Amino acid sequence: MNSLVNLNLSYNKIQTITADSEGVCCEKLESLNLIGNSLKQFDFAVVMYMPQFQRLFLGNNQIATISVEANKPYTGKQRFCSWKSYYLKRIEVGVEIPKPPCADYFAKLNGITLNHNKLTTIDMSLFERMNMLDYLDLAYNPLKSVKIVKEKVPISINFSLLKGEAGYLYDLPPEVFTRV
């Protein structure tokens with residue numbers, strides 16, 4: 001499984017996904033397709049320590065709860081930390097600066113599809129460590145609230161996608177958003 005790049009597990013009635021706590025699986029994995037399964041919750045820590053991981057497809061499940069339980073034991077070969085301050089400083093100064101001496105959490109994750117689930121509340125701070133995340137599809141969820149805490153959102157996220165500007169994404173009304 002060390003050379004696996006794309007894993008399609010769609011429509012398999014999967015109910016539970018757990019993280020590889022020993023760090024031996026999926027170092028090269030770039031995408032995981034879990035569309036059409038029976039997931040009721042999802043913990044993003046499953047993909048938190050995968051350095052090449054880019055896309056996660058979770059549509060057409062029954063997901064009502066999402067989390068990031070980063071305190072799970074991880075005995076991988078690399079040391080991890082958040083690169084958020086590095087990216088913000090690089091944007092501020094406009095030139096390349098020395099990279100942190102660790103691997104970034106969710107290093108390359110740039111897209112998550114969560115459409116057609118049962119999410120009613122989204123706290124955007126759950127995605128805070130996903131620095132490269134710029135695409136989040138929440139279409140066709142019964143969303144009542146999207147909580148946005150200043151300084152606790154992915155630095156690359158495009159909030160206009162949540163408002164349906166791309167034409168195919170769910171148009172969230174302004175009253176759904178709360179800003180703290």
# chains A, B, ... in the order shown; residues from 1 in each chain; ligands from 1
call {"tool": "residues_around", "arguments": {"residues": "segment 108-121 of chain A", "least_positions_apart": "6", "cutoff": "6 Å", "atoms": "only C-alpha atoms", "output": "PyMOL selection string"}}
result
chain A and resi 52-64+132-146
call {"tool": "select_by_dssp", "arguments": {"residues": "segment 13-164 of chain A", "states": "alpha helix (DSSP H)", "output": "number ranges by chain"}}
result
A: 84-93
call {"tool": "atom_distance", "arguments": {"atom1": "atom CA of Phe44 of chain A", "atom2": "atom CA of Lys99 of chain A"}}
result
24.3 Å
call {"tool": "closest_residue", "arguments": {"among": "A:Ile66, A:Tyr105, A:Ser10, A:Lys152", "to": "Ile122 of chain A", "atoms": "only C-alpha atoms"}}
result
A:Ile66
call {"tool": "select_by_dssp", "arguments": {"residues": "segment 72-162 of chain A", "states": "strand (DSSP E)", "output": "list of chain:residue names"}}
result
A:Phe80, A:Cys81, A:Ala103, A:Asp104, A:Gly111, A:Ile112, A:Thr113, A:Thr121, A:Ile122, A:Asp123, A:Tyr135, A:Leu136, A:Asp137, A:Ser145, A:Val146, A:Lys147, A:Ile148
call {"tool": "residues_around", "arguments": {"residues": "Ser3 of chain A", "least_positions_apart": "4", "cutoff": "10 Å", "atoms": "only C-alpha atoms", "output": "MDAnalysis selection string"}}
result
chainID A and resid 25:29
call {"tool": "write_last_selection", "arguments": {"atoms": "N, CA, C and O atoms", "output": "mmCIF file, in the first residue's frame"}}
result
data_model
loop_
_atom_site.group_PDB
_atom_site.id
_atom_site.type_symbol
_atom_site.label_atom_id
_atom_site.label_comp_id
_atom_site.auth_asym_id
_atom_site.auth_seq_id
_atom_site.Cartn_x
_atom_site.Cartn_y
_atom_site.Cartn_z
ATOM 1 N N CYS A 25 0.930 3.219 6.277
ATOM 2 C CA CYS A 25 0.061 3.179 5.107
ATOM 3 C C CYS A 25 0.050 4.499 4.357
ATOM 4 O O CYS A 25 0.094 5.561 4.964
ATOM 5 N N CYS A 26 -0.015 4.390 3.085
ATOM 6 C CA CYS A 26 -0.500 5.476 2.232
ATOM 7 C C CYS A 26 0.331 6.753 2.207
ATOM 8 O O CYS A 26 -0.219 7.842 2.110
ATOM 9 N N GLU A 27 1.647 6.645 2.264
ATOM 10 C CA GLU A 27 2.497 7.831 2.201
ATOM 11 C C GLU A 27 2.343 8.590 0.887
ATOM 12 O O GLU A 27 2.553 9.788 0.840
ATOM 13 N N LYS A 28 1.983 7.896 -0.187
ATOM 14 C CA LYS A 28 1.853 8.527 -1.501
ATOM 15 C C LYS A 28 0.402 8.762 -1.911
ATOM 16 O O LYS A 28 0.147 9.270 -2.997
ATOM 17 N N LEU A 29 -0.538 8.409 -1.039
ATOM 18 C CA LEU A 29 -1.953 8.545 -1.376
ATOM 19 C C LEU A 29 -2.310 10.013 -1.632
ATOM 20 O O LEU A 29 -2.010 10.884 -0.819
#
call {"tool": "residues_around", "arguments": {"residues": "Ala107 of chain A", "least_positions_apart": "5", "cutoff": "10 Å", "atoms": "only C-alpha atoms", "output": "ChimeraX atom specification"}}
result
/A:47-54,80-83,129-133
call {"tool": "closest_residue", "arguments": {"among": "A:Asn2, A:Ser85, A:Ser125, A:Gln41", "to": "Asp104 of chain A", "atoms": "only C-alpha atoms"}}
result
A:Ser85
call {"tool": "atom_distance", "arguments": {"atom1": "atom CA of Thr65 of chain A", "atom2": "atom CA of Phe42 of chain A"}}
result
6.5 Å
